[in-house]
>>> print(open('work_18.pdb').read())   # PDB, C-alpha atoms
ATOM      1  CA  MET L   1     104.319  13.932 101.557
ATOM      2  CA  LYS L   2     105.678  14.926 104.972
ATOM      3  CA  ARG L   3     103.209  15.928 107.664
ATOM      4  CA  VAL L   4     104.550  18.503 110.111
ATOM      5  CA  LEU L   5     103.042  19.758 113.356
ATOM      6  CA  ILE L   6     104.137  23.192 114.533
ATOM      7  CA  THR L   7     103.853  23.393 118.313
ATOM      8  CA  GLY L   8     103.335  27.029 119.175
ATOM      9  CA  ALA L   9     100.469  28.925 117.560
ATOM     10  CA  ASN L  10     100.836  32.587 116.552
ATOM     11  CA  SER L  11     104.615  32.680 117.001
ATOM     12  CA  TYR L  12     106.579  34.712 114.454
ATOM     13  CA  ILE L  13     108.610  31.745 113.244
ATOM     14  CA  GLY L  14     105.711  29.292 113.340
ATOM     15  CA  VAL L  15     103.371  31.532 111.349
ATOM     16  CA  SER L  16     106.166  32.392 108.906
ATOM     17  CA  PHE L  17     106.981  28.715 108.347
ATOM     18  CA  ALA L  18     103.335  27.742 107.793
ATOM     19  CA  THR L  19     102.999  30.562 105.249
ATOM     20  CA  TYR L  20     106.262  29.685 103.514
ATOM     21  CA  MET L  21     105.347  26.016 103.191
ATOM     22  CA  GLN L  22     102.274  26.925 101.163
ATOM     23  CA  ASN L  23     104.777  27.135  98.303
ATOM     24  CA  PHE L  24     105.563  23.435  98.827
ATOM     25  CA  ALA L  25     102.063  22.053  99.414
ATOM     26  CA  ASP L  26     102.820  18.955  97.348
ATOM     27  CA  GLU L  27     105.859  18.197  99.503
ATOM     28  CA  VAL L  28     104.961  19.116 103.081
ATOM     29  CA  CYS L  29     101.629  19.466 104.874
ATOM     30  CA  VAL L  30     101.739  21.770 107.913
ATOM     31  CA  GLU L  31      99.388  22.078 110.881
ATOM     32  CA  THR L  32      99.693  24.118 114.064
ATOM     33  CA  VAL L  33      98.692  23.420 117.662
ATOM     34  CA  ASP L  34      98.382  25.936 120.500
ATOM     35  CA  MET L  35     100.473  25.055 123.564
ATOM     36  CA  ILE L  36      98.989  27.544 126.025
ATOM     37  CA  ASP L  37      95.845  25.852 127.385
ATOM     38  CA  GLY L  38      97.176  22.302 127.715
ATOM     39  CA  ALA L  39      94.656  20.801 125.289
ATOM     40  CA  TRP L  40      97.583  19.739 123.084
ATOM     41  CA  ARG L  41      98.241  16.894 125.513
ATOM     42  CA  GLU L  42      95.071  15.196 124.256
ATOM     43  CA  LYS L  43      96.013  15.582 120.592
ATOM     44  CA  ASP L  44      97.181  12.513 118.674
ATOM     45  CA  PHE L  45     100.644  13.194 117.245
ATOM     46  CA  SER L  46     100.866   9.862 115.433
ATOM     47  CA  ALA L  47      99.701  11.330 112.127
ATOM     48  CA  TYR L  48     102.832  13.506 111.860
ATOM     49  CA  ASP L  49     106.308  12.739 110.570
ATOM     50  CA  CYS L  50     107.886  15.745 112.275
ATOM     51  CA  VAL L  51     107.186  18.099 115.162
ATOM     52  CA  TYR L  52     108.665  21.574 114.743
ATOM     53  CA  HIS L  53     108.760  23.000 118.260
ATOM     54  CA  VAL L  54     108.804  26.797 118.248
ATOM     55  CA  ALA L  55     106.883  27.429 121.484
ATOM     56  CA  GLY L  56     108.952  29.302 124.039
ATOM     57  CA  ILE L  57     109.543  32.530 125.906
ATOM     58  CA  ALA L  58     111.909  34.886 124.140
ATOM     59  CA  HIS L  59     114.632  36.724 126.006
ATOM     60  CA  SER L  60     113.414  40.245 126.684
ATOM     61  CA  ASP L  61     115.029  40.987 130.034
ATOM     62  CA  ASN L  62     118.012  43.146 130.809
ATOM     63  CA  GLY L  63     119.520  43.028 134.262
ATOM     64  CA  LYS L  64     118.050  41.274 137.258
ATOM     65  CA  ILE L  65     114.795  39.347 136.859
ATOM     66  CA  SER L  66     112.366  37.938 139.395
ATOM     67  CA  GLU L  67     112.419  34.370 140.669
ATOM     68  CA  GLU L  68     108.949  33.961 139.178
ATOM     69  CA  LYS L  69     110.232  34.905 135.719
ATOM     70  CA  LYS L  70     113.187  32.526 136.111
ATOM     71  CA  LYS L  71     110.822  29.662 136.903
ATOM     72  CA  LEU L  72     108.717  30.556 133.870
ATOM     73  CA  TYR L  73     111.746  30.374 131.566
ATOM     74  CA  TYR L  74     112.527  26.846 132.723
ATOM     75  CA  ALA L  75     108.876  25.761 132.800
ATOM     76  CA  VAL L  76     108.292  26.799 129.181
ATOM     77  CA  ASN L  77     111.669  26.649 127.444
ATOM     78  CA  THR L  78     112.879  23.484 129.171
ATOM     79  CA  ASP L  79     110.096  21.447 130.767
ATOM     80  CA  LEU L  80     107.435  22.064 128.111
ATOM     81  CA  THR L  81     109.928  21.300 125.341
ATOM     82  CA  ILE L  82     110.947  17.977 126.850
ATOM     83  CA  GLU L  83     107.354  17.026 127.642
ATOM     84  CA  THR L  84     106.356  17.761 124.051
ATOM     85  CA  ALA L  85     109.234  15.685 122.704
ATOM     86  CA  LYS L  86     108.343  12.760 124.976
ATOM     87  CA  LYS L  87     104.778  12.807 123.691
ATOM     88  CA  ALA L  88     105.970  13.043 120.094
ATOM     89  CA  LYS L  89     108.238  10.043 120.575
ATOM     90  CA  ALA L  90     105.572   8.020 122.376
ATOM     91  CA  ASP L  91     103.107   8.739 119.557
ATOM     92  CA  GLY L  92     105.564   7.532 116.926
ATOM     93  CA  VAL L  93     106.790  10.830 115.443
ATOM     94  CA  LYS L  94     110.113  10.244 113.667
ATOM     95  CA  GLN L  95     111.696  13.719 113.866
ATOM     96  CA  PHE L  96     111.702  16.575 116.364
ATOM     97  CA  ILE L  97     113.099  20.024 115.487
ATOM     98  CA  PHE L  98     113.925  22.354 118.363
ATOM     99  CA  MET L  99     114.575  26.085 118.095
ATOM    100  CA  SER L 100     117.468  26.719 120.438
ATOM    101  CA  SER L 101     119.591  29.862 120.117
ATOM    102  CA  ALA L 102     123.117  31.178 119.647
ATOM    103  CA  ILE L 103     122.725  32.685 123.099
ATOM    104  CA  VAL L 104     123.723  29.298 124.573
ATOM    105  CA  TYR L 105     127.275  30.568 123.921
ATOM    106  CA  GLY L 106     126.765  33.625 126.103
ATOM    107  CA  LYS L 107     126.490  37.327 125.380
ATOM    108  CA  SER L 108     128.036  39.404 122.626
ATOM    109  CA  ALA L 109     131.590  40.630 123.046
ATOM    110  CA  LYS L 110     132.003  44.106 124.468
ATOM    111  CA  ILE L 111     132.443  46.942 122.000
ATOM    112  CA  GLY L 112     135.897  46.800 120.468
ATOM    113  CA  LYS L 113     136.288  43.084 121.178
ATOM    114  CA  THR L 114     135.553  40.068 118.978
ATOM    115  CA  LYS L 115     133.712  36.825 119.639
ATOM    116  CA  MET L 116     133.931  34.017 117.112
ATOM    117  CA  ILE L 117     132.110  30.740 117.806
ATOM    118  CA  THR L 118     133.754  27.680 116.257
ATOM    119  CA  ALA L 119     132.816  24.014 116.180
ATOM    120  CA  ASP L 120     134.968  23.510 119.303
ATOM    121  CA  THR L 121     133.427  26.312 121.378
ATOM    122  CA  PRO L 122     131.592  24.943 124.446
ATOM    123  CA  VAL L 123     128.227  26.333 125.496
ATOM    124  CA  ALA L 124     128.483  29.009 128.170
ATOM    125  CA  PRO L 125     125.026  30.186 129.269
ATOM    126  CA  GLU L 126     125.148  33.443 131.195
ATOM    127  CA  ASN L 127     121.531  33.793 132.300
ATOM    128  CA  CYS L 128     118.457  31.715 132.995
ATOM    129  CA  TYR L 129     117.125  32.184 129.457
ATOM    130  CA  SER L 130     120.213  30.754 127.792
ATOM    131  CA  ASP L 131     120.506  28.039 130.436
ATOM    132  CA  SER L 132     116.862  27.052 129.893
ATOM    133  CA  LYS L 133     117.749  26.401 126.241
ATOM    134  CA  VAL L 134     120.834  24.386 127.198
ATOM    135  CA  GLN L 135     118.863  22.279 129.664
ATOM    136  CA  ALA L 136     116.226  21.623 127.010
ATOM    137  CA  GLU L 137     118.918  20.425 124.602
ATOM    138  CA  ILE L 138     120.314  18.068 127.249
ATOM    139  CA  GLY L 139     116.885  16.603 127.966
ATOM    140  CA  LEU L 140     116.106  16.181 124.274
ATOM    141  CA  ARG L 141     119.336  14.320 123.544
ATOM    142  CA  GLU L 142     118.378  11.721 126.131
ATOM    143  CA  LEU L 143     115.316  10.905 124.012
ATOM    144  CA  GLU L 144     117.128  10.591 120.682
ATOM    145  CA  ASP L 145     117.522   7.170 119.092
ATOM    146  CA  GLU L 146     117.412   5.539 115.653
ATOM    147  CA  ASN L 147     113.621   5.935 115.511
ATOM    148  CA  PHE L 148     113.458   9.471 116.903
ATOM    149  CA  LYS L 149     115.698  11.929 115.080
ATOM    150  CA  LEU L 150     116.542  15.188 116.802
ATOM    151  CA  VAL L 151     117.428  18.452 115.063
ATOM    152  CA  ILE L 152     118.689  21.289 117.260
ATOM    153  CA  LEU L 153     118.949  24.698 115.607
ATOM    154  CA  ARG L 154     121.123  27.396 117.184
ATOM    155  CA  PRO L 155     120.413  30.409 114.979
ATOM    156  CA  PRO L 156     121.857  33.891 115.534
ATOM    157  CA  MET L 157     119.648  36.991 115.385
ATOM    158  CA  ILE L 158     116.624  36.283 113.180
ATOM    159  CA  TYR L 159     115.102  39.206 111.314
ATOM    160  CA  GLY L 160     112.558  39.915 108.611
ATOM    161  CA  LYS L 161     109.265  41.682 108.072
ATOM    162  CA  GLY L 162     107.309  41.565 111.330
ATOM    163  CA  SER L 163     110.228  40.348 113.442
ATOM    164  CA  LYS L 164     110.934  41.522 116.969
ATOM    165  CA  GLY L 165     114.181  42.182 118.810
ATOM    166  CA  ASN L 166     116.979  44.522 117.741
ATOM    167  CA  TYR L 167     116.179  44.814 114.048
ATOM    168  CA  PRO L 168     112.978  46.909 114.352
ATOM    169  CA  THR L 169     114.926  49.428 116.447
ATOM    170  CA  LEU L 170     117.644  49.651 113.791
ATOM    171  CA  SER L 171     114.899  50.056 111.198
ATOM    172  CA  LYS L 172     113.503  53.070 113.049
ATOM    173  CA  PHE L 173     116.975  54.640 113.135
ATOM    174  CA  GLY L 174     117.468  54.031 109.411
ATOM    175  CA  LYS L 175     114.129  55.606 108.543
ATOM    176  CA  LYS L 176     114.511  58.694 110.741
ATOM    177  CA  LEU L 177     118.126  59.642 111.451
ATOM    178  CA  PRO L 178     120.325  61.578 108.994
ATOM    179  CA  PHE L 179     123.466  60.553 110.922
ATOM    180  CA  PHE L 180     124.462  57.424 112.824
ATOM    181  CA  PRO L 181     127.685  56.556 114.700
ATOM    182  CA  TYR L 182     130.016  54.151 112.937
ATOM    183  CA  VAL L 183     131.102  51.306 115.188
ATOM    184  CA  LYS L 184     133.279  48.512 113.868
ATOM    185  CA  ASN L 185     131.679  45.172 114.678
ATOM    186  CA  GLN L 186     130.504  41.934 113.095
ATOM    187  CA  ARG L 187     127.265  40.052 113.698
ATOM    188  CA  SER L 188     126.049  36.694 112.493
ATOM    189  CA  MET L 189     122.479  37.133 111.280
ATOM    190  CA  LEU L 190     119.770  34.979 109.745
ATOM    191  CA  TYR L 191     117.072  36.281 107.440
ATOM    192  CA  ILE L 192     113.715  34.628 108.166
ATOM    193  CA  GLU L 193     113.270  33.118 104.683
ATOM    194  CA  ASN L 194     116.777  31.657 104.820
ATOM    195  CA  LEU L 195     115.806  29.987 108.101
ATOM    196  CA  LEU L 196     112.508  28.699 106.701
ATOM    197  CA  GLU L 197     114.241  27.131 103.710
ATOM    198  CA  PHE L 198     116.795  25.527 106.029
ATOM    199  CA  VAL L 199     114.028  23.999 108.157
ATOM    200  CA  ARG L 200     112.309  22.691 105.029
ATOM    201  CA  LEU L 201     115.525  20.932 104.031
ATOM    202  CA  MET L 202     115.890  19.456 107.519
ATOM    203  CA  ILE L 203     112.459  17.889 107.114
ATOM    204  CA  VAL L 204     112.622  16.597 103.547
ATOM    205  CA  ASN L 205     116.153  15.241 104.092
ATOM    206  CA  GLU L 206     115.178  13.659 107.426
ATOM    207  CA  GLU L 207     118.196  15.188 109.134
ATOM    208  CA  SER L 208     119.445  14.860 112.698
ATOM    209  CA  GLY L 209     122.116  16.784 114.587
ATOM    210  CA  THR L 210     122.934  20.293 115.766
ATOM    211  CA  PHE L 211     122.979  23.005 113.109
ATOM    212  CA  PHE L 212     124.034  26.654 112.923
ATOM    213  CA  PRO L 213     122.232  28.337 110.008
ATOM    214  CA  GLN L 214     123.227  31.914 109.222
ATOM    215  CA  ASN L 215     123.460  34.291 106.302
ATOM    216  CA  ALA L 216     126.395  33.900 103.943
ATOM    217  CA  GLU L 217     127.895  37.184 105.164
ATOM    218  CA  TYR L 218     128.238  38.971 108.479
ATOM    219  CA  GLY L 219     126.429  42.190 109.254
ATOM    220  CA  ASN L 220     127.759  45.432 110.722
ATOM    221  CA  THR L 221     125.265  47.312 112.880
ATOM    222  CA  SER L 222     126.079  50.759 111.496
ATOM    223  CA  GLU L 223     126.106  49.578 107.884
ATOM    224  CA  ILE L 224     122.733  47.879 108.402
ATOM    225  CA  VAL L 225     121.201  51.184 109.525
ATOM    226  CA  LYS L 226     122.677  52.802 106.414
ATOM    227  CA  LYS L 227     121.252  50.057 104.171
ATOM    228  CA  ILE L 228     117.838  50.411 105.795
ATOM    229  CA  GLY L 229     117.884  54.123 105.079
ATOM    230  CA  ALA L 230     118.837  53.447 101.458
ATOM    231  CA  ALA L 231     115.924  51.021 101.132
ATOM    232  CA  HIS L 232     113.656  53.982 101.928
ATOM    233  CA  GLY L 233     115.447  56.373  99.604
ATOM    234  CA  ARG L 234     117.267  58.097 102.447
ATOM    235  CA  LYS L 235     120.966  58.719 102.930
ATOM    236  CA  VAL L 236     122.253  57.951 106.404
ATOM    237  CA  ARG L 237     125.748  59.277 106.939
ATOM    238  CA  LEU L 238     127.936  57.156 109.202
ATOM    239  CA  VAL L 239     130.039  59.320 111.476
ATOM    240  CA  LYS L 240     133.322  58.015 112.830
ATOM    241  CA  GLY L 241     134.820  59.139 116.100
ATOM    242  CA  PHE L 242     131.833  58.395 118.326
ATOM    243  CA  GLY L 243     132.874  54.871 119.259
ATOM    244  CA  TRP L 244     134.045  56.144 122.632
ATOM    245  CA  ALA L 245     130.587  57.542 123.402
ATOM    246  CA  VAL L 246     128.852  54.293 122.465
ATOM    247  CA  LYS L 247     131.380  52.351 124.534
ATOM    248  CA  PHE L 248     130.738  54.661 127.500
ATOM    249  CA  MET L 249     126.981  54.119 127.187
ATOM    250  CA  SER L 250     127.573  50.350 127.261
ATOM    251  CA  LEU L 251     128.702  50.707 130.878
ATOM    252  CA  PHE L 252     125.130  51.539 131.858
ATOM    253  CA  THR L 253     123.032  49.172 129.750
ATOM    254  CA  GLY L 254     123.577  45.763 128.210
ATOM    255  CA  LEU L 255     121.486  46.818 125.219
ATOM    256  CA  ILE L 256     124.443  48.695 123.730
ATOM    257  CA  ASN L 257     126.739  45.671 123.649
ATOM    258  CA  LYS L 258     123.834  43.593 122.374
ATOM    259  CA  ALA L 259     123.467  45.944 119.419
ATOM    260  CA  PHE L 260     127.059  47.055 118.788
ATOM    261  CA  GLY L 261     129.114  44.190 120.194
ATOM    262  CA  SER L 262     130.504  41.443 117.979
ATOM    263  CA  PHE L 263     129.141  37.891 117.863
ATOM    264  CA  THR L 264     129.843  35.573 114.953
ATOM    265  CA  TYR L 265     129.730  31.936 113.994
ATOM    266  CA  ASP L 266     132.588  30.612 111.902
ATOM    267  CA  LEU L 267     130.992  30.598 108.444
ATOM    268  CA  ALA L 268     132.193  27.025 107.876
ATOM    269  CA  MET L 269     129.846  25.829 110.638
ATOM    270  CA  SER L 270     126.837  26.966 108.649
ATOM    271  CA  GLU L 271     127.520  25.281 105.333
ATOM    272  CA  TYR L 272     125.001  22.677 104.165
ATOM    273  CA  LYS L 273     124.889  20.283 101.242
ATOM    274  CA  GLN L 274     122.068  22.299  99.681
ATOM    275  CA  ASP L 275     121.832  26.049  99.404
ATOM    276  CA  TYR L 276     119.312  27.533 101.834
ATOM    277  CA  ARG L 277     120.351  31.169 101.562
ATOM    278  CA  LEU L 278     117.611  32.538  99.352
ATOM    279  CA  LYS L 279     118.644  36.154  99.853
ATOM    280  CA  THR L 280     121.855  38.044 100.510
ATOM    281  CA  LEU L 281     122.064  40.565 103.337
ATOM    282  CA  ASP L 282     121.306  43.465 100.980
ATOM    283  CA  GLU L 283     118.417  41.615  99.345
ATOM    284  CA  SER L 284     116.971  40.624 102.710
ATOM    285  CA  ILE L 285     117.004  44.195 103.993
ATOM    286  CA  GLU L 286     115.273  45.367 100.816
ATOM    287  CA  ALA L 287     112.616  42.656 101.251
ATOM    288  CA  THR L 288     112.142  43.424 104.943
ATOM    289  CA  GLU L 289     111.777  47.164 104.380
ATOM    290  CA  GLN L 290     109.341  46.925 101.433
TER     291      GLN L 290
END
>>> encode(input="work_18.pdb", output="structure tokens")
Amino acid sequence: MKRVLITGANSYIGVSFATYMQNFADEVCVETVDMIDGAWREKDFSAYDCVYHVAGIAHSDNGKISEEKKKLYYAVNTDLTIETAKKAKADGVKQFIFMSSAIVYGKSAKIGKTKMITADTPVAPENCYSDSKVQAEIGLRELEDENFKLVILRPPMIYGKGSKGNYPTLSKFGKKLPFFPYVKNQRSMLYIENLLEFVRLMIVNEESGTFFPQNAEYGNTSEIVKKIGAAHGRKVRLVKGFGWAVKFMSLFTGLINKAFGSFTYDLAMSEYKQDYRLKTLDESIEATEQ
């Protein structure tokens, strides 16, 4: 029986993982600790085999941000992460799993361009959020040794029922619009249950290293909207010839490239010795839209 402590109460991934692991109660025991009030510093971590660190500030800014917000990114995503890992190691925890992000490789390609991340692609943070993740990874690697295994996860866009980010916006389009512009792009994506199964395997197999979990197939933004509509019994017609308009709009807001630009991991980077992809893209959209 593995005992796992999730650091970060009420987070989407943390709550989802705790719920998912109820299906494996004879294999893994999960508890959660709140990181907001500082009381976690008095908690004894020695009873746990693994700390799954999901606490952090998500990237929700577009354009210029304040110096105060920049400091908060580093204080939470970097400093708090490293402090938590140091405590875990000092208390005898054997494994630490950190939720980094694909954003450490920078932003999506502009509309009409491609961006494929391979095993040889260096990190290239383009803002304080992505750099705060990179700095956390650097600090964590300094703590790693034969008695303290480190797992760094760099997932692409995570989606599922209750998720935040781009997917809920696409869901609204799919449920309301009869037409949607067709834009040719490719996105690496990760359905929440596929992620949760991957994390479970990291724990039971006592893994260490940097991993890039993603779905078995890439997504296309326009096709996803169409699939969402179909999941609700609606037909969304994809209209070609409006790529120029979407590209023009991208000159005024980074949200357009974030939604319609291309960003993919080489699929070979995401293979694992055991299958963690519980659902295909189509199946995951059906499950999310139920």
>>> atom_distance(input="work_18.pdb", atom1="CA of Gln274 (chain L)", atom2="CA of Arg200 (chain L)")
11.1 Å
>>> closest_atom_pairs(input="work_18.pdb", of="region 140-192 of chain L", to="region 209-218 of chain L", cutoff="7 Å", atoms="only C-alpha atoms", output="tab-separated table")
residue	atom	partner	partner_atom	distance
L:Leu150	CA	L:Gly209	CA	6.2
L:Val151	CA	L:Gly209	CA	5.0
L:Ile152	CA	L:Thr210	CA	4.6
L:Leu153	CA	L:Phe211	CA	5.0
L:Arg154	CA	L:Phe212	CA	5.2
L:Pro155	CA	L:Phe212	CA	5.6
L:Pro156	CA	L:Gln214	CA	6.8
L:Gln186	CA	L:Tyr218	CA	5.9
L:Arg187	CA	L:Tyr218	CA	5.4
L:Ser188	CA	L:Tyr218	CA	5.1
L:Met189	CA	L:Gln214	CA	5.7
L:Leu190	CA	L:Gln214	CA	4.6
L:Tyr191	CA	L:Asn215	CA	6.8
>>> resolve_selection(input="work_18.pdb", expression="the PyMOL selection byres ((chain L and resi 93-106) around 9)", output="PyMOL selection string")
chain L and resi 45-56+81+85+87-92+107-108+117+121-127+129-134+136-137+140+146-157+199+202-203+206-208+212+265
>>> residues_around(input="work_18.pdb", residues="Ser163 (chain L)", least_positions_apart="2", cutoff="12 Å", atoms="all atoms listed in the file", output="ChimeraX atom specification")
/L:11-16,157-161,165-171,190-193,288-289
>>> closest_residue(input="work_18.pdb", among="L:Ala9, L:Ile228, L:Ala259, L:Ala58", to="Glu283 (chain L)", atoms="all atoms listed in the file")
L:Ile228
>>> residues_around(input="work_18.pdb", residues="Arg234 (chain L)", least_positions_apart="3", cutoff="9 Å", atoms="all atoms listed in the file", output="PDB file with C-alpha atoms, in the frame of the given file")
ATOM      1  CA  GLY L 174     117.468  54.031 109.411  1.00  0.00           C
ATOM      2  CA  LYS L 175     114.129  55.606 108.543  1.00  0.00           C
ATOM      3  CA  LYS L 176     114.511  58.694 110.741  1.00  0.00           C
ATOM      4  CA  PRO L 178     120.325  61.578 108.994  1.00  0.00           C
ATOM      5  CA  LYS L 226     122.677  52.802 106.414  1.00  0.00           C
ATOM      6  CA  ILE L 228     117.838  50.411 105.795  1.00  0.00           C
ATOM      7  CA  GLY L 229     117.884  54.123 105.079  1.00  0.00           C
ATOM      8  CA  ALA L 230     118.837  53.447 101.458  1.00  0.00           C
ATOM      9  CA  ALA L 231     115.924  51.021 101.132  1.00  0.00           C
TER      10      ALA L 231
END
>>> atom_distance(input="work_18.pdb", atom1="CA of Lys240 (chain L)", atom2="CA of Lys172 (chain L)")
20.4 Å
>>> atom_distance(input="work_18.pdb", atom1="CA of Lys113 (chain L)", atom2="CA of Asn220 (chain L)")
13.7 Å
>>> closest_residue(input="work_18.pdb", among="L:Leu278, L:Ile138, L:Leu143, L:Ile6", to="Glu31 (chain L)", atoms="only C-alpha atoms")
L:Ile6
>>> resolve_selection(input="work_18.pdb", expression="the PyMOL selection byres ((chain L and resi 179) around 8)", output="PDB file with C-alpha atoms, keeping the file's coordinate frame")
ATOM      1  CA  LEU L 177     118.126  59.642 111.451  1.00  0.00           C
ATOM      2  CA  PRO L 178     120.325  61.578 108.994  1.00  0.00           C
ATOM      3  CA  PHE L 180     124.462  57.424 112.824  1.00  0.00           C
ATOM      4  CA  PRO L 181     127.685  56.556 114.700  1.00  0.00           C
ATOM      5  CA  VAL L 236     122.253  57.951 106.404  1.00  0.00           C
ATOM      6  CA  ARG L 237     125.748  59.277 106.939  1.00  0.00           C
ATOM      7  CA  LEU L 238     127.936  57.156 109.202  1.00  0.00           C
ATOM      8  CA  VAL L 239     130.039  59.320 111.476  1.00  0.00           C
TER       9      VAL L 239
END
>>> closest_residue(input="work_18.pdb", among="L:Cys128, L:Asp145, L:Glu197, L:Lys43", to="Thr19 (chain L)", atoms="all atoms listed in the file")
L:Glu197
>>> closest_residue(input="work_18.pdb", among="L:Asp34, L:Glu144, L:Asp266, L:Asp275", to="Thr118 (chain L)", atoms="all atoms listed in the file")
L:Asp266
>>> closest_residue(input="work_18.pdb", among="L:Ser270, L:Thr84, L:Gln290, L:Gln22", to="Gly233 (chain L)", atoms="all atoms listed in the file")
L:Gln290
>>> closest_residue(input="work_18.pdb", among="L:Val225, L:Glu83, L:Asn23, L:Phe198", to="Glu271 (chain L)", atoms="all atoms listed in the file")
L:Phe198
>>> residues_around(input="work_18.pdb", residues="Asp282 (chain L)", least_positions_apart="5", cutoff="9 Å", atoms="only C-alpha atoms", output="compact mmCIF listing (two decimals) with C-alpha atoms, in the coordinates of the input")
# COMPACT_ATOMS: atom_id res chain seq x y z
CA ILE L 224 122.73 47.88 108.40
CA LYS L 227 121.25 50.06 104.17
CA ALA L 287 112.62 42.66 101.25
>>> decode(input="work_18.pdb", residues="region 66-81 of chain L", atoms="N, CA, C and O atoms", output="PDB file, in the first residue's frame")
ATOM      1  N   SER L  66       1.543  42.900 -13.447  1.00  0.00           N
ATOM      2  CA  SER L  66       2.176  43.741 -12.442  1.00  0.00           C
ATOM      3  C   SER L  66       3.375  43.040 -11.809  1.00  0.00           C
ATOM      4  O   SER L  66       3.496  41.813 -11.856  1.00  0.00           O
ATOM      5  N   GLU L  67       4.255  43.835 -11.219  1.00  0.00           N
ATOM      6  CA  GLU L  67       5.409  43.279 -10.522  1.00  0.00           C
ATOM      7  C   GLU L  67       4.954  42.420  -9.339  1.00  0.00           C
ATOM      8  O   GLU L  67       5.577  41.413  -9.012  1.00  0.00           O
ATOM      9  N   GLU L  68       3.851  42.830  -8.726  1.00  0.00           N
ATOM     10  CA  GLU L  68       3.309  42.063  -7.600  1.00  0.00           C
ATOM     11  C   GLU L  68       2.879  40.667  -8.044  1.00  0.00           C
ATOM     12  O   GLU L  68       3.137  39.683  -7.353  1.00  0.00           O
ATOM     13  N   LYS L  69       2.229  40.589  -9.217  1.00  0.00           N
ATOM     14  CA  LYS L  69       1.796  39.293  -9.733  1.00  0.00           C
ATOM     15  C   LYS L  69       3.004  38.440 -10.112  1.00  0.00           C
ATOM     16  O   LYS L  69       3.015  37.221  -9.895  1.00  0.00           O
ATOM     17  N   LYS L  70       4.028  39.059 -10.687  1.00  0.00           N
ATOM     18  CA  LYS L  70       5.253  38.331 -11.024  1.00  0.00           C
ATOM     19  C   LYS L  70       5.861  37.691  -9.778  1.00  0.00           C
ATOM     20  O   LYS L  70       6.238  36.520  -9.781  1.00  0.00           O
ATOM     21  N   LYS L  71       5.951  38.471  -8.711  1.00  0.00           N
ATOM     22  CA  LYS L  71       6.519  37.959  -7.463  1.00  0.00           C
ATOM     23  C   LYS L  71       5.688  36.802  -6.920  1.00  0.00           C
ATOM     24  O   LYS L  71       6.232  35.840  -6.370  1.00  0.00           O
ATOM     25  N   LEU L  72       4.373  36.895  -7.090  1.00  0.00           N
ATOM     26  CA  LEU L  72       3.490  35.834  -6.603  1.00  0.00           C
ATOM     27  C   LEU L  72       3.716  34.535  -7.371  1.00  0.00           C
ATOM     28  O   LEU L  72       3.722  33.450  -6.784  1.00  0.00           O
ATOM     29  N   TYR L  73       3.907  34.638  -8.688  1.00  0.00           N
ATOM     30  CA  TYR L  73       4.202  33.444  -9.484  1.00  0.00           C
ATOM     31  C   TYR L  73       5.428  32.726  -8.936  1.00  0.00           C
ATOM     32  O   TYR L  73       5.415  31.507  -8.737  1.00  0.00           O
ATOM     33  N   TYR L  74       6.497  33.455  -8.709  1.00  0.00           N
ATOM     34  CA  TYR L  74       7.730  32.834  -8.226  1.00  0.00           C
ATOM     35  C   TYR L  74       7.598  32.352  -6.784  1.00  0.00           C
ATOM     36  O   TYR L  74       8.124  31.299  -6.423  1.00  0.00           O
ATOM     37  N   ALA L  75       6.867  33.114  -5.964  1.00  0.00           N
ATOM     38  CA  ALA L  75       6.705  32.728  -4.558  1.00  0.00           C
ATOM     39  C   ALA L  75       5.959  31.409  -4.440  1.00  0.00           C
ATOM     40  O   ALA L  75       6.303  30.554  -3.607  1.00  0.00           O
ATOM     41  N   VAL L  76       4.925  31.219  -5.265  1.00  0.00           N
ATOM     42  CA  VAL L  76       4.099  30.016  -5.166  1.00  0.00           C
ATOM     43  C   VAL L  76       4.622  28.889  -6.046  1.00  0.00           C
ATOM     44  O   VAL L  76       4.831  27.766  -5.584  1.00  0.00           O
ATOM     45  N   ASN L  77       4.836  29.177  -7.326  1.00  0.00           N
ATOM     46  CA  ASN L  77       5.205  28.115  -8.267  1.00  0.00           C
ATOM     47  C   ASN L  77       6.644  27.639  -8.112  1.00  0.00           C
ATOM     48  O   ASN L  77       6.951  26.495  -8.440  1.00  0.00           O
ATOM     49  N   THR L  78       7.510  28.520  -7.626  1.00  0.00           N
ATOM     50  CA  THR L  78       8.920  28.140  -7.459  1.00  0.00           C
ATOM     51  C   THR L  78       9.276  27.901  -5.995  1.00  0.00           C
ATOM     52  O   THR L  78       9.593  26.786  -5.586  1.00  0.00           O
ATOM     53  N   ASP L  79       9.204  28.968  -5.198  1.00  0.00           N
ATOM     54  CA  ASP L  79       9.695  28.889  -3.815  1.00  0.00           C
ATOM     55  C   ASP L  79       8.903  27.893  -2.976  1.00  0.00           C
ATOM     56  O   ASP L  79       9.483  27.088  -2.228  1.00  0.00           O
ATOM     57  N   LEU L  80       7.575  27.932  -3.066  1.00  0.00           N
ATOM     58  CA  LEU L  80       6.748  27.023  -2.281  1.00  0.00           C
ATOM     59  C   LEU L  80       6.985  25.575  -2.702  1.00  0.00           C
ATOM     60  O   LEU L  80       7.032  24.673  -1.858  1.00  0.00           O
ATOM     61  N   THR L  81       7.158  25.355  -3.992  1.00  0.00           N
ATOM     62  CA  THR L  81       7.423  24.003  -4.495  1.00  0.00           C
ATOM     63  C   THR L  81       8.718  23.449  -3.914  1.00  0.00           C
ATOM     64  O   THR L  81       8.763  22.310  -3.417  1.00  0.00           O
TER      65      THR L  81
END
